[in-house]
Amino acid sequence: MIKLTMEKLKVQLDQIFSPFLNPPASEEEIQRVENEMAIKFPDEIRELYLIHNGEREDGPGLFFGLPFFTIK
């Protein structure tokens with residue numbers, strides 16, 4: 001579901017946000033963070049990070065002006 005939502009948003013907002021969005025996170029990066037935090041991300045969060053690994057630090061704040069943090 002998140003993938004479809006992000007695809008629709010991406011089409012509509014590509015001109016505004018694409019310069020600020022990072023490339024996808026890898027499965028290995030996601031698993032590393034899950035292991036460090038001793039949690040399992042919900043499928044929707046995992047899908048979101050497989051589409052974009054957050055936004056650049058100088059981004060406008062994708063979610064109501066709040067930053068979309070990267071997995072580091």
# chains A, B, ... in the order shown; residues from 1 in each chain; ligands from 1

$ residues_around --residues "Asn22 (chain A)" --least-positions-apart "5" --cutoff "7 Å" --atoms "only C-alpha atoms" --output "VMD selection string"
chain A and resid 52 to 56

$ write_last_selection --atoms "all heavy atoms" --output "short mmCIF file (atom, residue, chain, number, x, y, z; two decimals), in the first residue's frame"
data_model
loop_
_atom_site.label_atom_id
_atom_site.label_comp_id
_atom_site.auth_asym_id
_atom_site.auth_seq_id
_atom_site.Cartn_x
_atom_site.Cartn_y
_atom_site.Cartn_z
N HIS A 52 13.04 5.47 -0.99
CA HIS A 52 13.95 6.59 -0.74
C HIS A 52 14.48 6.47 0.68
O HIS A 52 13.72 6.23 1.61
CB HIS A 52 13.23 7.94 -0.86
CG HIS A 52 12.89 8.30 -2.26
ND1 HIS A 52 13.84 8.66 -3.19
CD2 HIS A 52 11.70 8.35 -2.90
CE1 HIS A 52 13.24 8.92 -4.34
NE2 HIS A 52 11.95 8.73 -4.19
N ASN A 53 15.77 6.67 0.83
CA ASN A 53 16.40 6.64 2.14
C ASN A 53 16.39 8.06 2.72
O ASN A 53 17.42 8.71 2.87
CB ASN A 53 17.83 6.09 2.04
CG ASN A 53 18.46 5.88 3.40
OD1 ASN A 53 17.83 6.07 4.43
ND2 ASN A 53 19.72 5.50 3.41
N GLY A 54 15.21 8.54 3.00
CA GLY A 54 15.06 9.86 3.59
C GLY A 54 15.33 10.98 2.60
O GLY A 54 15.37 10.78 1.40
N GLU A 55 15.48 12.17 3.17
CA GLU A 55 15.78 13.34 2.34
C GLU A 55 17.10 13.95 2.78
O GLU A 55 17.57 13.69 3.89
CB GLU A 55 14.66 14.37 2.43
CG GLU A 55 14.48 14.99 3.80
CD GLU A 55 13.33 15.98 3.85
OE1 GLU A 55 12.18 15.53 3.97
OE2 GLU A 55 13.59 17.19 3.79
N ARG A 56 17.67 14.76 1.90
CA ARG A 56 18.92 15.43 2.23
C ARG A 56 18.70 16.38 3.41
O ARG A 56 17.58 16.80 3.69
CB ARG A 56 19.40 16.24 1.02
CG ARG A 56 19.81 15.39 -0.14
CD ARG A 56 20.39 16.17 -1.29
NE ARG A 56 20.26 17.61 -1.16
CZ ARG A 56 20.22 18.45 -2.17
NH1 ARG A 56 20.27 18.00 -3.39
NH2 ARG A 56 20.12 19.75 -1.98
#

$ residues_around --residues "Ile2 (chain A)" --least-positions-apart "6" --cutoff "8 Å" --atoms "only C-alpha atoms" --output "CSV table (one decimal) with all heavy atoms, in the first residue's frame"
chain,number,residue,atom,x,y,z
A,44,GLU,N,5.4,-1.4,5.8
A,44,GLU,CA,5.2,-0.1,5.2
A,44,GLU,C,6.5,0.8,5.3
A,44,GLU,O,6.9,1.5,4.4
A,44,GLU,CB,4.0,0.7,5.7
A,44,GLU,CG,2.7,0.0,5.3
A,44,GLU,CD,2.3,-1.1,6.3
A,44,GLU,OE1,3.0,-1.4,7.2
A,44,GLU,OE2,1.2,-1.7,6.0
A,47,GLU,N,9.2,-0.7,3.1
A,47,GLU,CA,8.9,-0.3,1.7
A,47,GLU,C,9.3,1.1,1.4
A,47,GLU,O,9.8,1.5,0.4
A,47,GLU,CB,7.4,-0.5,1.4
A,47,GLU,CG,7.0,-2.0,1.2
A,47,GLU,CD,5.6,-2.1,0.9
A,47,GLU,OE1,5.1,-1.3,0.1
A,47,GLU,OE2,4.9,-3.0,1.5
A,48,LEU,N,9.0,2.0,2.4
A,48,LEU,CA,9.3,3.4,2.2
A,48,LEU,C,10.8,3.7,2.1
A,48,LEU,O,11.2,4.4,1.1
A,48,LEU,CB,8.7,4.2,3.4
A,48,LEU,CG,9.0,5.7,3.4
A,48,LEU,CD1,8.2,6.4,2.3
A,48,LEU,CD2,8.5,6.3,4.8

$ closest_residue --among "A:Lys3, A:Phe64, A:Glu36, A:Gln15" --to "Tyr49 (chain A)" --atoms "only C-alpha atoms"
A:Lys3

$ residues_around --residues "Arg32 (chain A)" --least-positions-apart "5" --cutoff "10 Å" --atoms "only C-alpha atoms" --output "JSON, numbers by chain"
{"A": [26, 27, 37, 38, 71, 72]}

$ closest_residue --among "A:Ile45, A:Pro60, A:Phe69, A:Thr5" --to "Ser18 (chain A)" --atoms "only C-alpha atoms"
A:Pro60

$ decode --residues "chain A" --atoms "C-alpha atoms" --output "CSV table (one decimal), in the first residue's frame"
chain,number,residue,atom,x,y,z
A,1,MET,CA,0.0,0.0,0.0
A,2,ILE,CA,2.8,2.5,0.9
A,3,LYS,CA,4.4,1.7,-2.5
A,4,LEU,CA,1.3,2.7,-4.4
A,5,THR,CA,0.9,5.9,-2.3
A,6,MET,CA,4.5,6.9,-2.8
A,7,GLU,CA,4.3,6.3,-6.5
A,8,LYS,CA,1.3,8.6,-6.7
A,9,LEU,CA,3.0,11.2,-4.6
A,10,LYS,CA,6.2,10.9,-6.6
A,11,VAL,CA,4.4,11.7,-9.8
A,12,GLN,CA,2.7,14.7,-8.3
A,13,LEU,CA,5.6,16.1,-6.3
A,14,ASP,CA,8.6,14.9,-8.4
A,15,GLN,CA,9.4,18.4,-9.6
A,16,ILE,CA,9.5,19.8,-6.0
A,17,PHE,CA,10.9,17.0,-3.9
A,18,SER,CA,13.0,14.7,-6.2
A,19,PRO,CA,16.1,17.0,-5.8
A,20,PHE,CA,15.9,16.5,-2.0
A,21,LEU,CA,15.2,12.7,-1.8
A,22,ASN,CA,18.0,10.2,-1.3
A,23,PRO,CA,18.4,7.0,-3.3
A,24,PRO,CA,16.9,3.9,-1.8
A,25,ALA,CA,18.3,2.2,1.3
A,26,SER,CA,19.5,-1.3,0.8
A,27,GLU,CA,18.1,-4.4,2.6
A,28,GLU,CA,21.4,-4.7,4.4
A,29,GLU,CA,21.2,-1.1,5.7
A,30,ILE,CA,17.6,-1.7,6.9
A,31,GLN,CA,18.5,-5.0,8.6
A,32,ARG,CA,21.6,-3.4,10.3
A,33,VAL,CA,19.4,-0.7,11.8
A,34,GLU,CA,16.8,-3.2,12.8
A,35,ASN,CA,19.5,-5.3,14.5
A,36,GLU,CA,21.0,-2.3,16.3
A,37,MET,CA,17.6,-1.2,17.6
A,38,ALA,CA,16.5,-4.8,18.3
A,39,ILE,CA,13.2,-4.2,16.4
A,40,LYS,CA,11.6,-5.2,13.1
A,41,PHE,CA,10.2,-2.3,11.0
A,42,PRO,CA,6.6,-2.6,9.8
A,43,ASP,CA,6.4,-3.6,6.1
A,44,GLU,CA,5.2,-0.1,5.2
A,45,ILE,CA,8.3,1.6,6.7
A,46,ARG,CA,10.6,-1.0,5.1
A,47,GLU,CA,8.9,-0.3,1.7
A,48,LEU,CA,9.3,3.4,2.2
A,49,TYR,CA,13.0,3.2,2.8
A,50,LEU,CA,13.4,0.9,-0.1
A,51,ILE,CA,12.0,3.7,-2.3
A,52,HIS,CA,13.9,6.6,-0.7
A,53,ASN,CA,16.4,6.6,2.1
A,54,GLY,CA,15.1,9.9,3.6
A,55,GLU,CA,15.8,13.3,2.3
A,56,ARG,CA,18.9,15.4,2.2
A,57,GLU,CA,19.7,17.6,5.3
A,58,ASP,CA,18.8,20.7,3.3
A,59,GLY,CA,15.5,19.2,2.3
A,60,PRO,CA,12.2,21.1,2.9
A,61,GLY,CA,10.7,18.5,5.2
A,62,LEU,CA,8.6,16.1,3.3
A,63,PHE,CA,6.1,15.3,6.1
A,64,PHE,CA,4.3,18.5,7.1
A,65,GLY,CA,7.6,20.3,7.1
A,66,LEU,CA,9.2,17.6,9.3
A,67,PRO,CA,12.3,15.9,7.9
A,68,PHE,CA,12.3,12.4,6.4
A,69,PHE,CA,15.2,11.0,8.2
A,70,THR,CA,17.7,8.6,6.6
A,71,ILE,CA,18.8,5.3,7.9
A,72,LYS,CA,22.5,5.7,8.9
